[in-house]
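What follows is a single structure, written as structure tokens, with notes after it.
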Amino acid sequence: MTASYPALRLRRTRASAWSRRLHAETVLTPADLIWPLFVTEGEGVEQPIASLPGVSRWSVDGIVARGREARDLGIPCIALFPYTQVERRTEDGREALNPDNLMCQAIRALKDAVPEVGVLTDVALDPYTSHGHDGLVDAAGYVVNDTTAEMLVAQALNQANAGADIIAPSDMMDGRIGMIRSALEAESHHNVQIMSYAAKYASAFYGPFRDAVGSRGLLKGDKKTYQMDNANAEEALREVAMDLAEGADTVMVKPGLPYLDIIVRVRQAFEVPVFAYQVSGEYAMIEHAVAAGAAERDVMVLETLMSFKRAGCSGVLTYHAAHAAKLLNG
């Protein structure tokens with residue numbers, strides 16, 4: 001710094017709105033947002049999710065309507081998560097491989113109706129297993145890595161064949177990125193991206209999501225043997241390095257706000273596109289704070305999303321995507 005007060009007044013550039021815009025170091029636009037949506041069976045169905053105020057499950061026709069809304073708002077990508085009926089859930093999660101499952105129906109419908117909107121698909125078995133885990137379990141209840149990874153490869157190919165643009169493995173099995181990348185290349189899905197949930201923590205912030213996909217009451221035990229310990233940061237860098245070496249195009253940190261430090265470190269260490277998932281518990285906290293009169297939604301939504309961008313994110317998965325886009329377009 002070459003000057004001192006009063007020659008230098010840092011408040012000078014904050015004195016008016018136009019100047020604050022001119023000097024903003026970080027910019028948030030609708031193009032930075034990915035909108036997670038939950039798909040359910042039926043036609044003309046909207047099922048509000050009690051623990052996620054303002055979020056619903058939609059039948060495929062409703063998902064297509066949300067896709068058109070995303071296009072019109074300038075949101076470039078939708079993330080899909082299925083609500084699988086209990087009778088279709090099995091120990092081995094084989095519904096994940098059904099080429100006409102809810103996920104594949106929604107992918108095809110979106111790509112037919114709004115091909116200019118990207119479709120990101122979750123690769124993990126928890127929406128399909130009767131035990132609620134992301135993978136296959138042995139007799140002791142331990143989620144086994146290698147046979148799960150083989151299943152995930154088949155699931156990823158099923159989604160890619162349906163038209164998915166981004167495959168997003170959220171399971172945290174070792175080695176699955178390399179296996180999925182090899183399989184996509186072998187099947188000529190050269191331009192299908194992989195966004196790896198590279199640093200996904202075992203978190204208390206996932207509860208409403210499990211309600212949304214119907215796995216909360218089914219989950220036996222916890223996911224601490226495969227999702228990361230929230231005490232660890234160096235391990236996150238190792239996870240990211242492994243997934244990038246195996247062929248991930250982009251990486252994700254999940255949850256978001258409690259792990260801003262991880263986002264910063266990943267971006268600085270690797271200089272690759274990093275995404276954050278502002279997860280269901282984070283969304284619910286904002287909504288409950290608003291309902292309690294403790295916060296004003298619009299400013300809180302934009303401030304939290306800006307924090308991800310400031311930390312180095314290329315984009316954010318957020319249930320507030322449509323609301324935020326309307327504010328930003330305003």
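Every chain in the structure tokens takes a letter, A first, then B, and so on in the order presented; its residues are numbered from 1, and the ligands are numbered from 1 following the presented order.
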Any chance you could tabulate, as a Markdown table, the residues of region 92-176 of chain A at most 10 Å from region 249-264 of chain A with each one's nearest atom pair and distance in Å to one decimal, using only C-alpha atoms, in chain and rising number order?
| residue | atom | partner | partner_atom | distance |
| --- | --- | --- | --- | --- |
| A:Ile166 | CA | A:Asp249 | CA | 9.5 |
| A:Ala168 | CA | A:Val251 | CA | 9.1 |
| A:Ser170 | CA | A:Met252 | CA | 9.3 |
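Residue neighbourhood of region 21-25 of chain A, excluding near-sequence residues (fewer than 4 positions): A:Leu10, A:Arg11, A:Arg12, A:Thr13, A:Arg14, A:Ala15, A:Ser16, A:Ala17, A:Met306, A:Ser307, A:Lys309, A:Arg310, A:Ala311, A:Gly312, at 12 Å, using only C-alpha atoms.
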Between region 30-124 of chain A and region 156-160 of chain A, at 10 Å or less, what are the per-residue closest atom pairs and their distances in Å? Count only C-alpha atoms, order by chain and rising residue number, and return it as a tab-separated table.
residue	atom	partner	partner_atom	distance
A:Ala96	CA	A:Asn158	CA	8.1
A:Leu97	CA	A:Asn158	CA	6.2
A:Asn98	CA	A:Asn158	CA	7.6
A:Pro99	CA	A:Asn158	CA	6.1
A:Asp100	CA	A:Asn158	CA	9.3
A:Asn101	CA	A:Asn158	CA	9.7
A:Met103	CA	A:Gln159	CA	7.5
A:Cys104	CA	A:Gln159	CA	6.1
A:Gln105	CA	A:Gln159	CA	9.8
A:Ile107	CA	A:Gln159	CA	7.8
A:Arg108	CA	A:Gln159	CA	9.5
A:Leu120	CA	A:Gln159	CA	9.6
A:Thr121	CA	A:Gln159	CA	7.2
A:Asp122	CA	A:Ala156	CA	8.6
A:Val123	CA	A:Ala156	CA	6.3
A:Ala124	CA	A:Ala156	CA	9.1
I need the residues from that last selection saved to file as a short mmCIF file (atom, residue, chain, number, x, y, z; two decimals), in the first residue's frame (with all heavy atoms), if you can.
data_model
loop_
_atom_site.label_atom_id
_atom_site.label_comp_id
_atom_site.auth_asym_id
_atom_site.auth_seq_id
_atom_site.Cartn_x
_atom_site.Cartn_y
_atom_site.Cartn_z
N ALA A 96 -31.19 -49.39 -10.72
CA ALA A 96 -30.26 -48.39 -11.28
C ALA A 96 -29.86 -48.74 -12.71
O ALA A 96 -29.47 -47.85 -13.48
CB ALA A 96 -29.01 -48.28 -10.40
N LEU A 97 -29.95 -50.01 -13.07
CA LEU A 97 -29.53 -50.46 -14.40
C LEU A 97 -30.69 -50.58 -15.37
O LEU A 97 -30.48 -50.93 -16.55
CB LEU A 97 -28.81 -51.81 -14.28
CG LEU A 97 -27.68 -51.89 -13.27
CD1 LEU A 97 -26.95 -53.22 -13.40
CD2 LEU A 97 -26.71 -50.73 -13.44
N ASN A 98 -31.90 -50.30 -14.94
CA ASN A 98 -33.08 -50.38 -15.79
C ASN A 98 -33.04 -49.22 -16.79
O ASN A 98 -33.06 -48.05 -16.40
CB ASN A 98 -34.34 -50.30 -14.92
CG ASN A 98 -35.62 -50.30 -15.74
OD1 ASN A 98 -35.62 -50.38 -16.97
ND2 ASN A 98 -36.75 -50.18 -15.05
N PRO A 99 -32.97 -49.50 -18.10
CA PRO A 99 -32.88 -48.41 -19.08
C PRO A 99 -34.14 -47.56 -19.16
O PRO A 99 -34.14 -46.52 -19.83
CB PRO A 99 -32.63 -49.14 -20.40
CG PRO A 99 -33.11 -50.53 -20.17
CD PRO A 99 -32.88 -50.83 -18.72
N ASP A 100 -35.20 -47.98 -18.47
CA ASP A 100 -36.43 -47.19 -18.44
C ASP A 100 -36.77 -46.76 -17.02
O ASP A 100 -37.94 -46.51 -16.71
CB ASP A 100 -37.59 -47.99 -19.05
CG ASP A 100 -38.75 -47.10 -19.47
OD1 ASP A 100 -38.50 -45.99 -19.98
OD2 ASP A 100 -39.92 -47.50 -19.28
N ASN A 101 -35.74 -46.65 -16.16
CA ASN A 101 -36.02 -46.18 -14.81
C ASN A 101 -36.34 -44.68 -14.83
O ASN A 101 -36.26 -44.02 -15.86
CB ASN A 101 -34.88 -46.51 -13.84
CG ASN A 101 -33.56 -45.84 -14.18
OD1 ASN A 101 -33.51 -44.81 -14.85
ND2 ASN A 101 -32.46 -46.44 -13.73
N MET A 103 -34.82 -42.08 -13.72
CA MET A 103 -33.72 -41.22 -14.13
C MET A 103 -33.62 -41.17 -15.65
O MET A 103 -33.53 -40.09 -16.26
CB MET A 103 -32.42 -41.71 -13.52
CG MET A 103 -31.21 -40.85 -13.85
SD MET A 103 -31.18 -39.31 -12.95
CE MET A 103 -30.24 -39.80 -11.50
N CYS A 104 -33.64 -42.33 -16.29
CA CYS A 104 -33.49 -42.39 -17.74
C CYS A 104 -34.68 -41.76 -18.46
O CYS A 104 -34.52 -41.08 -19.49
CB CYS A 104 -33.28 -43.83 -18.19
SG CYS A 104 -31.71 -44.54 -17.65
N GLN A 105 -35.89 -41.98 -17.92
CA GLN A 105 -37.07 -41.33 -18.51
C GLN A 105 -36.92 -39.81 -18.48
O GLN A 105 -37.22 -39.12 -19.46
CB GLN A 105 -38.32 -41.73 -17.74
CG GLN A 105 -38.76 -43.17 -17.91
CD GLN A 105 -39.99 -43.48 -17.07
OE1 GLN A 105 -40.91 -42.67 -16.95
NE2 GLN A 105 -40.03 -44.66 -16.49
N ILE A 107 -34.13 -38.01 -18.19
CA ILE A 107 -33.03 -37.57 -19.07
C ILE A 107 -33.54 -37.44 -20.50
O ILE A 107 -33.35 -36.41 -21.16
CB ILE A 107 -31.86 -38.57 -19.02
CG1 ILE A 107 -31.21 -38.63 -17.64
CG2 ILE A 107 -30.80 -38.18 -20.08
CD1 ILE A 107 -30.27 -39.82 -17.46
N ARG A 108 -34.18 -38.50 -21.00
CA ARG A 108 -34.64 -38.49 -22.39
C ARG A 108 -35.66 -37.37 -22.63
O ARG A 108 -35.60 -36.67 -23.64
CB ARG A 108 -35.24 -39.85 -22.75
CG ARG A 108 -34.21 -40.97 -22.88
CD ARG A 108 -34.81 -42.19 -23.54
NE ARG A 108 -35.81 -42.82 -22.68
CZ ARG A 108 -35.55 -43.81 -21.82
NH1 ARG A 108 -34.31 -44.27 -21.70
NH2 ARG A 108 -36.51 -44.32 -21.09
N LEU A 120 -27.18 -33.30 -15.58
CA LEU A 120 -26.21 -33.94 -14.69
C LEU A 120 -26.93 -35.04 -13.92
O LEU A 120 -28.01 -34.82 -13.39
CB LEU A 120 -25.61 -32.90 -13.73
CG LEU A 120 -24.57 -33.34 -12.71
CD1 LEU A 120 -23.65 -32.17 -12.34
CD2 LEU A 120 -25.20 -33.89 -11.42
N THR A 121 -26.33 -36.22 -13.87
CA THR A 121 -26.99 -37.35 -13.23
C THR A 121 -26.14 -37.93 -12.11
O THR A 121 -24.93 -38.08 -12.24
CB THR A 121 -27.30 -38.46 -14.26
OG1 THR A 121 -26.10 -38.84 -14.94
CG2 THR A 121 -28.32 -37.97 -15.27
N ASP A 122 -26.81 -38.25 -11.03
CA ASP A 122 -26.17 -38.83 -9.86
C ASP A 122 -25.88 -40.31 -10.10
O ASP A 122 -26.76 -41.06 -10.54
CB ASP A 122 -27.12 -38.66 -8.66
CG ASP A 122 -26.59 -39.30 -7.39
OD1 ASP A 122 -25.50 -38.91 -6.95
OD2 ASP A 122 -27.27 -40.19 -6.85
N VAL A 123 -24.65 -40.71 -9.82
CA VAL A 123 -24.28 -42.12 -9.89
C VAL A 123 -23.96 -42.59 -8.48
O VAL A 123 -22.94 -42.22 -7.89
CB VAL A 123 -23.09 -42.35 -10.83
CG1 VAL A 123 -22.57 -43.78 -10.71
CG2 VAL A 123 -23.49 -42.06 -12.27
N ALA A 124 -24.86 -43.36 -7.93
CA ALA A 124 -24.74 -43.97 -6.60
C ALA A 124 -25.96 -44.87 -6.45
O ALA A 124 -26.96 -44.68 -7.14
CB ALA A 124 -24.70 -42.93 -5.48
#
Q.
Using DSSP assignments from the backbone, pull out every residue in region 161-323 of chain A that falls under helix (DSSP H, G or I) and give it to me as a ChimeraX atom specification.
A. /A:161-162,176-186,204-213,234-246,257-270,280-291,297-311,321-323
Which of region 209-313 of chain A DSSP labels strand (DSSP E), written as a PDB file with C-alpha atoms, in the first residue's frame:
ATOM      1  CA  THR A 250     -14.452 -31.298 -12.697  1.00  0.00           C
ATOM      2  CA  VAL A 251     -14.611 -31.946  -8.967  1.00  0.00           C
ATOM      3  CA  MET A 252     -17.100 -31.172  -6.234  1.00  0.00           C
ATOM      4  CA  VAL A 253     -16.897 -30.392  -2.538  1.00  0.00           C
ATOM      5  CA  LYS A 254     -19.951 -31.392  -0.497  1.00  0.00           C
ATOM      6  CA  VAL A 274     -14.433 -26.799  -8.595  1.00  0.00           C
ATOM      7  CA  PHE A 275     -18.122 -26.986  -7.765  1.00  0.00           C
ATOM      8  CA  ALA A 276     -19.883 -26.863  -4.423  1.00  0.00           C
ATOM      9  CA  TYR A 277     -23.140 -28.524  -3.468  1.00  0.00           C
ATOM     10  CA  GLN A 278     -25.158 -26.277  -1.173  1.00  0.00           C
TER      11      GLN A 278
END
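Comparing A:Gly221, A:Gly141, A:Gly74, A:Gly178 by their smallest distance to Glu91 (chain A), the closest is A:Gly141 (using only C-alpha atoms).
Across A:His133, A:Arg176, A:Arg20, A:His323, the tightest approach to Leu218 (chain A) is made by A:His133 when counting only C-alpha atoms.
Of the listed residues (A:Tyr283, A:Tyr5, A:Tyr142, A:Phe308), A:Tyr142 comes nearest to Asp222 (chain A); the distances count only C-alpha atoms.
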Q: Tell me, as an MDAnalysis selection string, which residues lie within 12 Å of Phe209 (chain A), counting only C-alpha atoms; anything in the same chain fewer than 3 positions away does not count.
A: chainID A and resid 36:38 49:53 55:57 81:83 126:127 203:206 212:217 255 277:284 319
Save out the residues we just selected, N, CA and C atoms, as a JSON list (two decimals), in the first residue's frame.
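Wrote it out as again-v2.json, contents follow:
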[["chain", "number", "residue", "atom", "x", "y", "z"],
["A", 36, "PRO", "N", -30.72, -28.71, -8.68],
["A", 36, "PRO", "CA", -31.08, -30.11, -8.37],
["A", 36, "PRO", "C", -32.59, -30.28, -8.33],
["A", 37, "LEU", "N", -33.07, -31.34, -8.98],
["A", 37, "LEU", "CA", -34.50, -31.63, -9.05],
["A", 37, "LEU", "C", -34.74, -33.10, -8.74],
["A", 38, "PHE", "N", -35.89, -33.38, -8.11],
["A", 38, "PHE", "CA", -36.25, -34.74, -7.71],
["A", 38, "PHE", "C", -37.39, -35.23, -8.59],
["A", 49, "ILE", "N", -41.91, -31.50, -0.38],
["A", 49, "ILE", "CA", -41.06, -32.22, 0.57],
["A", 49, "ILE", "C", -41.04, -31.40, 1.86],
["A", 50, "ALA", "N", -41.62, -31.95, 2.92],
["A", 50, "ALA", "CA", -41.85, -31.20, 4.15],
["A", 50, "ALA", "C", -40.56, -30.63, 4.73],
["A", 51, "SER", "N", -39.48, -31.39, 4.70],
["A", 51, "SER", "CA", -38.22, -30.93, 5.31],
["A", 51, "SER", "C", -37.42, -30.02, 4.39],
["A", 52, "LEU", "N", -37.93, -29.80, 3.16],
["A", 52, "LEU", "CA", -37.31, -28.88, 2.20],
["A", 52, "LEU", "C", -38.38, -27.89, 1.73],
["A", 53, "PRO", "N", -38.74, -26.92, 2.55],
["A", 53, "PRO", "CA", -39.82, -26.01, 2.19],
["A", 53, "PRO", "C", -39.59, -25.33, 0.84],
["A", 55, "VAL", "N", -39.48, -26.99, -2.03],
["A", 55, "VAL", "CA", -38.93, -27.97, -2.97],
["A", 55, "VAL", "C", -39.91, -29.13, -3.08],
["A", 56, "SER", "N", -40.09, -29.63, -4.29],
["A", 56, "SER", "CA", -41.02, -30.73, -4.55],
["A", 56, "SER", "C", -40.36, -31.83, -5.36],
["A", 57, "ARG", "N", -40.97, -33.00, -5.30],
["A", 57, "ARG", "CA", -40.70, -34.03, -6.30],
["A", 57, "ARG", "C", -41.66, -33.78, -7.45],
["A", 81, "PHE", "N", -32.29, -36.38, -9.45],
["A", 81, "PHE", "CA", -32.24, -37.38, -8.39],
["A", 81, "PHE", "C", -33.60, -38.07, -8.34],
["A", 82, "PRO", "N", -33.63, -39.41, -8.38],
["A", 82, "PRO", "CA", -34.90, -40.12, -8.44],
["A", 82, "PRO", "C", -35.44, -40.51, -7.06],
["A", 83, "TYR", "N", -36.76, -40.50, -6.95],
["A", 83, "TYR", "CA", -37.45, -41.08, -5.79],
["A", 83, "TYR", "C", -37.97, -42.44, -6.23],
["A", 126, "ASP", "N", -27.77, -45.43, -3.56],
["A", 126, "ASP", "CA", -28.68, -45.20, -2.43],
["A", 126, "ASP", "C", -30.13, -44.94, -2.83],
["A", 127, "PRO", "N", -30.43, -44.36, -4.01],
["A", 127, "PRO", "CA", -31.86, -44.24, -4.34],
["A", 127, "PRO", "C", -32.51, -45.57, -4.73],
["A", 203, "SER", "N", -21.82, -36.15, 6.66],
["A", 203, "SER", "CA", -22.31, -34.88, 7.19],
["A", 203, "SER", "C", -23.70, -35.01, 7.80],
["A", 204, "ALA", "N", -23.95, -34.16, 8.79],
["A", 204, "ALA", "CA", -25.28, -34.06, 9.39],
["A", 204, "ALA", "C", -26.22, -33.21, 8.55],
["A", 205, "PHE", "N", -25.75, -32.66, 7.42],
["A", 205, "PHE", "CA", -26.53, -31.73, 6.62],
["A", 205, "PHE", "C", -27.32, -32.41, 5.50],
["A", 206, "TYR", "N", -27.33, -33.75, 5.45],
["A", 206, "TYR", "CA", -27.98, -34.45, 4.34],
["A", 206, "TYR", "C", -29.40, -34.93, 4.64],
["A", 212, "ALA", "N", -36.08, -36.62, 0.58],
["A", 212, "ALA", "CA", -36.48, -36.34, -0.81],
["A", 212, "ALA", "C", -36.36, -37.57, -1.70],
["A", 213, "VAL", "N", -35.32, -38.39, -1.47],
["A", 213, "VAL", "CA", -35.15, -39.59, -2.30],
["A", 213, "VAL", "C", -35.67, -40.85, -1.62],
["A", 214, "GLY", "N", -36.22, -40.69, -0.41],
["A", 214, "GLY", "CA", -36.86, -41.81, 0.27],
["A", 214, "GLY", "C", -35.94, -42.80, 0.94],
["A", 215, "SER", "N", -34.72, -42.38, 1.28],
["A", 215, "SER", "CA", -33.78, -43.34, 1.87],
["A", 215, "SER", "C", -33.55, -43.15, 3.36],
["A", 216, "ARG", "N", -34.07, -42.08, 3.97],
["A", 216, "ARG", "CA", -33.75, -41.82, 5.37],
["A", 216, "ARG", "C", -34.18, -42.97, 6.28],
["A", 217, "GLY", "N", -35.42, -43.41, 6.16],
["A", 217, "GLY", "CA", -35.91, -44.47, 7.03],
["A", 217, "GLY", "C", -35.33, -45.84, 6.73],
["A", 255, "PRO", "N", -20.61, -31.09, 1.85],
["A", 255, "PRO", "CA", -21.44, -29.91, 1.69],
["A", 255, "PRO", "C", -20.63, -28.67, 1.30],
["A", 277, "TYR", "N", -21.73, -28.16, -3.60],
["A", 277, "TYR", "CA", -23.14, -28.52, -3.47],
["A", 277, "TYR", "C", -23.64, -27.88, -2.18],
["A", 278, "GLN", "N", -24.49, -26.86, -2.34],
["A", 278, "GLN", "CA", -25.16, -26.28, -1.17],
["A", 278, "GLN", "C", -26.29, -27.24, -0.82],
["A", 279, "VAL", "N", -26.04, -28.09, 0.14],
["A", 279, "VAL", "CA", -26.88, -29.28, 0.33],
["A", 279, "VAL", "C", -28.19, -28.94, 1.04],
["A", 280, "SER", "N", -29.02, -29.97, 1.16],
["A", 280, "SER", "CA", -30.38, -29.80, 1.65],
["A", 280, "SER", "C", -30.44, -29.18, 3.03],
["A", 281, "GLY", "N", -29.54, -29.57, 3.93],
["A", 281, "GLY", "CA", -29.55, -28.99, 5.26],
["A", 281, "GLY", "C", -29.21, -27.52, 5.27],
["A", 282, "GLU", "N", -28.32, -27.12, 4.37],
["A", 282, "GLU", "CA", -27.98, -25.69, 4.24],
["A", 282, "GLU", "C", -29.18, -24.90, 3.72],
["A", 283, "TYR", "N", -29.84, -25.45, 2.71],
["A", 283, "TYR", "CA", -31.05, -24.81, 2.17],
["A", 283, "TYR", "C", -32.11, -24.69, 3.26],
["A", 284, "ALA", "N", -32.34, -25.79, 3.98],
["A", 284, "ALA", "CA", -33.38, -25.80, 5.00],
["A", 284, "ALA", "C", -33.10, -24.79, 6.11],
["A", 319, "TYR", "N", -30.62, -25.64, -4.38],
["A", 319, "TYR", "CA", -32.07, -25.69, -4.51],
["A", 319, "TYR", "C", -32.66, -24.29, -4.66]]
